[in-house]
>>> print(open('entry-v2.txt').read())   # compact mmCIF, C-alpha atoms
# COMPACT_ATOMS: atom_id res chain seq x y z
CA MET A 1 22.08 -22.69 26.99
CA ASN A 2 21.09 -24.32 23.73
CA LYS A 3 17.59 -22.88 24.04
CA MET A 4 18.97 -19.38 24.57
CA VAL A 5 21.08 -19.67 21.39
CA LEU A 6 17.98 -20.77 19.45
CA GLN A 7 15.96 -17.84 20.82
CA TYR A 8 18.63 -15.28 19.96
CA THR A 9 18.87 -16.68 16.41
CA ALA A 10 15.08 -16.50 16.13
CA VAL A 11 15.08 -12.88 17.31
CA PHE A 12 17.72 -12.05 14.69
CA PHE A 13 15.61 -13.60 11.92
CA LEU A 14 12.45 -11.87 13.24
CA PHE A 15 14.08 -8.44 13.09
CA GLY A 16 15.44 -9.20 9.61
CA GLY A 17 11.98 -10.13 8.34
CA PHE A 18 10.41 -7.08 9.98
CA PHE A 19 13.05 -4.84 8.39
CA PHE A 20 12.25 -6.18 4.92
CA LEU A 21 8.47 -5.81 5.40
CA LEU A 22 9.05 -2.22 6.57
CA VAL A 23 11.19 -1.46 3.51
CA GLY A 24 8.47 -2.91 1.28
CA VAL A 25 5.81 -0.63 2.78
CA VAL A 26 8.09 2.42 2.55
CA GLY A 27 8.66 1.64 -1.12
CA LEU A 28 4.92 1.22 -1.59
CA LEU A 29 4.37 4.72 -0.23
CA ARG A 30 7.32 6.59 -1.73
CA LEU A 31 7.88 5.24 -5.25
CA PRO A 32 6.34 7.25 -8.11
CA ASP A 33 4.89 4.59 -10.39
CA LEU A 34 2.75 1.44 -10.44
CA TYR A 35 5.56 -0.71 -11.84
CA THR A 36 8.12 0.41 -9.25
CA ARG A 37 5.61 -0.07 -6.42
CA MET A 38 5.00 -3.57 -7.72
CA HIS A 39 8.75 -4.21 -7.69
CA ALA A 40 8.92 -3.21 -4.01
CA MET A 41 5.94 -5.46 -3.21
CA GLY A 42 7.18 -8.56 -5.04
CA LYS A 43 10.69 -8.71 -3.64
CA CYS A 44 10.60 -7.33 -0.12
CA ASP A 45 7.38 -9.10 0.84
CA THR A 46 8.57 -12.54 -0.21
CA LEU A 47 11.94 -12.18 1.54
CA GLY A 48 10.46 -10.75 4.75
CA ALA A 49 7.81 -13.46 4.98
CA GLY A 50 10.45 -16.15 4.39
CA LEU A 51 12.73 -14.83 7.16
CA MET A 52 9.84 -14.57 9.64
CA LEU A 53 8.79 -18.14 8.78
CA ILE A 54 12.35 -19.35 9.45
CA ALA A 55 12.27 -17.61 12.86
CA LEU A 56 8.92 -19.22 13.75
CA MET A 57 10.25 -22.63 12.65
CA LEU A 58 13.20 -22.21 15.04
CA LEU A 59 10.87 -21.19 17.87
CA ILE A 60 8.24 -23.91 17.47
CA GLY A 61 10.53 -26.92 16.97
CA ASP A 62 7.83 -29.52 16.27
CA VAL A 63 7.99 -31.63 13.11
CA THR A 64 4.31 -31.38 12.12
CA ASN A 65 4.07 -27.63 12.57
CA ILE A 66 7.44 -27.07 10.88
CA THR A 67 6.09 -28.93 7.84
CA LYS A 68 2.99 -26.72 7.79
CA LEU A 69 5.10 -23.57 8.07
CA PHE A 70 7.34 -24.80 5.25
CA LEU A 71 4.22 -25.37 3.12
CA ILE A 72 3.03 -21.79 3.82
CA GLY A 73 6.49 -20.53 2.79
CA VAL A 74 6.34 -22.49 -0.47
CA MET A 75 2.84 -21.13 -1.17
CA ILE A 76 3.93 -17.51 -0.58
CA ALA A 77 7.10 -17.96 -2.66
CA THR A 78 5.07 -19.26 -5.62
CA ILE A 79 2.03 -16.98 -5.30
CA ASN A 80 3.85 -13.62 -5.07
CA PRO A 81 5.73 -13.91 -8.43
CA ILE A 82 2.55 -15.11 -10.17
CA ILE A 83 0.55 -12.14 -8.86
CA THR A 84 3.36 -9.72 -9.75
CA HIS A 85 3.58 -11.07 -13.29
CA LEU A 86 -0.20 -10.83 -13.79
CA ILE A 87 -0.38 -7.27 -12.42
CA ALA A 88 2.47 -6.17 -14.74
CA LYS A 89 0.83 -7.77 -17.78
CA ILE A 90 -2.59 -6.26 -17.09
CA ALA A 91 -1.18 -2.81 -16.33
CA TYR A 92 0.79 -2.87 -19.60
CA ASN A 93 -2.25 -3.97 -21.59
CA ARG A 94 -4.46 -1.29 -20.02
CA GLY A 95 -1.95 1.42 -20.92
CA THR A 96 -0.94 2.54 -17.44
CA PRO A 97 1.57 5.41 -17.89
CA MET A 98 5.09 5.12 -16.51
CA ALA A 99 6.75 7.82 -14.40
CA GLU A 100 8.14 11.04 -15.86
CA GLY A 101 11.65 10.69 -17.19
CA SER A 102 11.80 6.90 -17.37
CA PHE A 103 13.76 5.17 -20.11
CA LEU A 104 10.82 3.17 -21.42
CA ILE A 105 7.48 4.23 -22.87
CA ASN A 106 4.28 2.22 -22.61
CA ASP A 107 3.37 2.21 -26.29
CA TYR A 108 0.95 -0.70 -26.43
CA VAL A 109 -2.38 1.16 -26.45
CA ALA A 110 -1.08 3.93 -28.74
CA ALA A 111 0.23 1.36 -31.24
CA GLN A 112 -3.13 -0.42 -31.28
CA ARG A 113 -4.94 2.88 -31.82
CA ARG A 114 -2.59 3.78 -34.69
CA ARG A 115 -3.13 0.40 -36.35
CA ARG A 116 -6.90 0.73 -36.05
CA ARG A 117 -6.82 4.24 -37.55
CA SER A 118 -4.72 3.10 -40.53
CA MET A 119 -7.12 0.21 -41.15
CA VAL A 120 -10.08 2.61 -41.10
CA GLN A 121 -8.30 4.91 -43.56
CA GLU A 122 -7.62 2.00 -45.92
CA VAL A 123 -11.28 1.04 -45.86
CA LYS A 124 -12.34 4.65 -46.57
CA LYS A 125 -9.84 4.89 -49.47
CA GLY A 126 -11.31 1.73 -51.00
CA ASP A 127 -14.80 3.24 -50.77
CA ASP A 128 -13.67 6.44 -52.50
CA SER A 129 -11.99 4.60 -55.39
CA SER A 130 -15.02 2.44 -56.00
CA MET B 1 12.27 -11.92 26.50
CA ILE B 2 10.95 -13.69 23.44
CA THR B 3 7.33 -12.89 24.33
CA THR B 4 8.09 -9.17 24.57
CA VAL B 5 9.86 -9.23 21.20
CA LEU B 6 6.92 -11.07 19.62
CA TYR B 7 4.32 -8.64 21.02
CA SER B 8 6.33 -5.64 19.82
CA MET B 9 6.61 -7.34 16.42
CA VAL B 10 2.81 -7.71 16.27
CA VAL B 11 2.36 -4.02 17.12
CA GLY B 12 4.86 -3.07 14.41
CA LEU B 13 3.10 -5.21 11.81
CA VAL B 14 -0.27 -3.64 12.68
CA ILE B 15 1.23 -0.14 12.29
CA ILE B 16 2.77 -1.15 8.94
CA SER B 17 -0.58 -2.46 7.69
CA LEU B 18 -2.32 0.77 8.74
CA VAL B 19 0.30 2.74 6.78
CA ALA B 20 -0.25 0.53 3.71
CA ILE B 21 -3.97 1.35 3.87
CA LEU B 22 -3.00 4.95 2.95
CA ARG B 23 -1.80 3.71 -0.44
CA ALA B 24 -4.93 1.61 -0.83
CA TYR B 25 -7.05 4.71 -0.10
CA SER B 26 -5.25 7.18 -2.39
CA GLY B 27 -4.08 4.91 -5.19
CA PRO B 28 -4.51 6.50 -8.62
CA SER B 29 -5.70 3.30 -10.31
CA ALA B 30 -7.32 0.05 -9.20
CA LEU B 31 -4.10 -1.93 -9.64
CA ASP B 32 -2.38 0.15 -6.94
CA ARG B 33 -5.12 -0.95 -4.57
CA VAL B 34 -4.51 -4.58 -5.55
CA VAL B 35 -0.80 -4.21 -4.78
CA ALA B 36 -1.51 -2.61 -1.38
CA MET B 37 -4.02 -5.39 -0.58
CA ASN B 38 -1.35 -7.99 -1.31
CA VAL B 39 1.07 -6.35 1.13
CA ILE B 40 -1.62 -6.22 3.84
CA THR B 41 -2.41 -9.91 3.24
CA THR B 42 1.19 -10.95 3.89
CA ASN B 43 1.31 -8.84 7.08
CA VAL B 44 -1.93 -10.38 8.38
CA VAL B 45 -0.61 -13.91 7.72
CA MET B 46 2.49 -13.09 9.77
CA ILE B 47 0.34 -11.70 12.60
CA ILE B 48 -1.75 -14.90 12.69
CA LEU B 49 1.37 -17.10 12.85
CA ILE B 50 2.96 -15.06 15.66
CA PHE B 51 -0.27 -15.26 17.69
CA ALA B 52 -0.31 -19.02 17.07
CA TYR B 53 3.10 -19.24 18.72
CA ILE B 54 2.24 -16.86 21.60
CA ASP B 55 -0.93 -18.77 22.55
CA ARG B 56 0.65 -22.21 21.84
CA SER B 57 -2.52 -23.00 19.85
CA TYR B 58 -1.10 -24.35 16.65
CA TYR B 59 -4.41 -24.83 14.84
CA TYR B 60 -4.11 -21.22 13.68
CA ILE B 61 -1.38 -22.32 11.25
CA ASP B 62 -4.12 -24.03 9.19
CA VAL B 63 -6.14 -20.80 9.37
CA ALA B 64 -3.17 -18.88 7.94
CA PHE B 65 -2.81 -21.46 5.15
CA VAL B 66 -6.47 -21.11 4.14
CA PHE B 67 -6.13 -17.31 4.34
CA VAL B 68 -3.20 -17.39 1.87
CA ILE B 69 -5.15 -19.52 -0.63
CA GLY B 70 -8.30 -17.39 -0.30
CA ALA B 71 -6.39 -14.13 -0.86
CA PHE B 72 -4.70 -15.65 -3.91
CA ILE B 73 -8.02 -16.65 -5.50
CA ALA B 74 -9.56 -13.23 -4.67
CA THR B 75 -6.66 -11.42 -6.34
CA LEU B 76 -6.93 -13.67 -9.40
CA CYS B 77 -10.66 -12.88 -9.69
CA ILE B 78 -10.04 -9.11 -9.42
CA LEU B 79 -7.31 -9.25 -12.07
CA LYS B 80 -9.46 -11.30 -14.44
CA LEU B 81 -12.34 -8.83 -13.96
CA LEU B 82 -10.01 -5.92 -14.77
CA ARG B 83 -8.66 -7.62 -17.86
CA GLU B 84 -11.73 -9.15 -19.52
CA GLY B 85 -14.69 -7.33 -17.99
CA HIS B 86 -16.32 -10.46 -16.60
CA ILE B 87 -15.28 -13.28 -14.29
CA ILE B 88 -17.11 -16.44 -15.35
>>> encode(input="entry-v2.txt", output="structure tokens")
Amino acid sequence: MNKMVLQYTAVFFLFGGFFFLLVGVVGLLRLPDLYTRMHAMGKCDTLGAGLMLIALMLLIGDVTNITKLFLIGVMIATINPIITHLIAKIAYNRGTPMAEGSFLINDYVAAQRRRRRSMVQEVKKGDDSS
Amino acid sequence: MITTVLYSMVVGLVIISLVAILRAYSGPSALDRVVAMNVITTNVVMIILIFAYIDRSYYYIDVAFVFVIGAFIATLCILKLLREGHII
């Protein structure tokens, strides 16, 4: 009886984790932009992996292996935000364009180009005056 | 019952990973491919853990742990190459 309750709870958590992984992949295919795809990856993947790890912890029921599974969960929950942050920073610095009609503009590369052009013009002006 | 659910879950995860390869194939930039590779890595870790429970051979949990760390270091190296142009 007790074992059946544990197995049904584990099946519930397994289907929850599978649902979130499926939603993450659908967002990866359907969303229009690198930043929105990264949003789908960072959230849905972490939550789905955590729910599946909880289900496997309930199924296995051994202290050593539960500790290892908990360690894998901690690693995934710290690695995924780090990777998401780095991908966002590098995409912004490389000047990846955002989707059409978004509220924000990626202006980093254009601002650097403008600054460089104004510096070049100042140097040329100095040469002309001298 | 639980074995059937776990096998169907493995089949579903394999199908999801094959669908995520489409994004890795047709991504406009290299960072899209990095994102798709990260999704596939998480799915493969889940597949390894479910097979560890089905076979009752719990040494595969250590394999999954090493796989997570190796994928993390590989992604860091790709991102550093994209940002600075060299790794070391």
>>> atom_distance(input="entry-v2.txt", atom1="atom CA of Leu56 of chain A", atom2="atom CA of Ala20 of chain B")
24.0 Å
>>> closest_atom_pairs(input="entry-v2.txt", of="segment 6-38 of chain B", to="segment 20-38 of chain A", cutoff="9 Å", atoms="only C-alpha atoms", output="JSON lines")
{"residue": "B:Gly12", "atom": "CA", "partner": "A:Leu22", "partner_atom": "CA", "distance": 8.9}
{"residue": "B:Leu13", "atom": "CA", "partner": "A:Leu21", "partner_atom": "CA", "distance": 8.4}
{"residue": "B:Ile16", "atom": "CA", "partner": "A:Leu22", "partner_atom": "CA", "distance": 6.8}
{"residue": "B:Ser17", "atom": "CA", "partner": "A:Val25", "partner_atom": "CA", "distance": 8.3}
{"residue": "B:Val19", "atom": "CA", "partner": "A:Val25", "partner_atom": "CA", "distance": 7.6}
{"residue": "B:Ala20", "atom": "CA", "partner": "A:Val25", "partner_atom": "CA", "distance": 6.2}
{"residue": "B:Leu22", "atom": "CA", "partner": "A:Leu29", "partner_atom": "CA", "distance": 8.0}
{"residue": "B:Arg23", "atom": "CA", "partner": "A:Leu29", "partner_atom": "CA", "distance": 6.3}
{"residue": "B:Ser29", "atom": "CA", "partner": "A:Leu34", "partner_atom": "CA", "distance": 8.7}
{"residue": "B:Leu31", "atom": "CA", "partner": "A:Leu34", "partner_atom": "CA", "distance": 7.7}
{"residue": "B:Asp32", "atom": "CA", "partner": "A:Leu34", "partner_atom": "CA", "distance": 6.3}
{"residue": "B:Val35", "atom": "CA", "partner": "A:Met38", "partner_atom": "CA", "distance": 6.5}
{"residue": "B:Ala36", "atom": "CA", "partner": "A:Leu28", "partner_atom": "CA", "distance": 7.5}
>>> interface_residues(input="entry-v2.txt", of="chain B", to="chain A", cutoff="10 Å", atoms="all atoms listed in the file", output="PyMOL selection string")
chain B and resi 1-2+5-6+9-10+12-13+15-17+19-24+27-32+34-36+38-40+42-43+45-46+49-50+52-53+56+58-59+61-62+64-66+68-69+71-72+75-76+79-80+82-84
>>> atom_distance(input="entry-v2.txt", atom1="atom CA of Val5 of chain A", atom2="atom CA of Ile66 of chain A")
18.7 Å
>>> atom_distance(input="entry-v2.txt", atom1="atom CA of Ile54 of chain B", atom2="atom CA of Thr3 of chain B")
7.0 Å
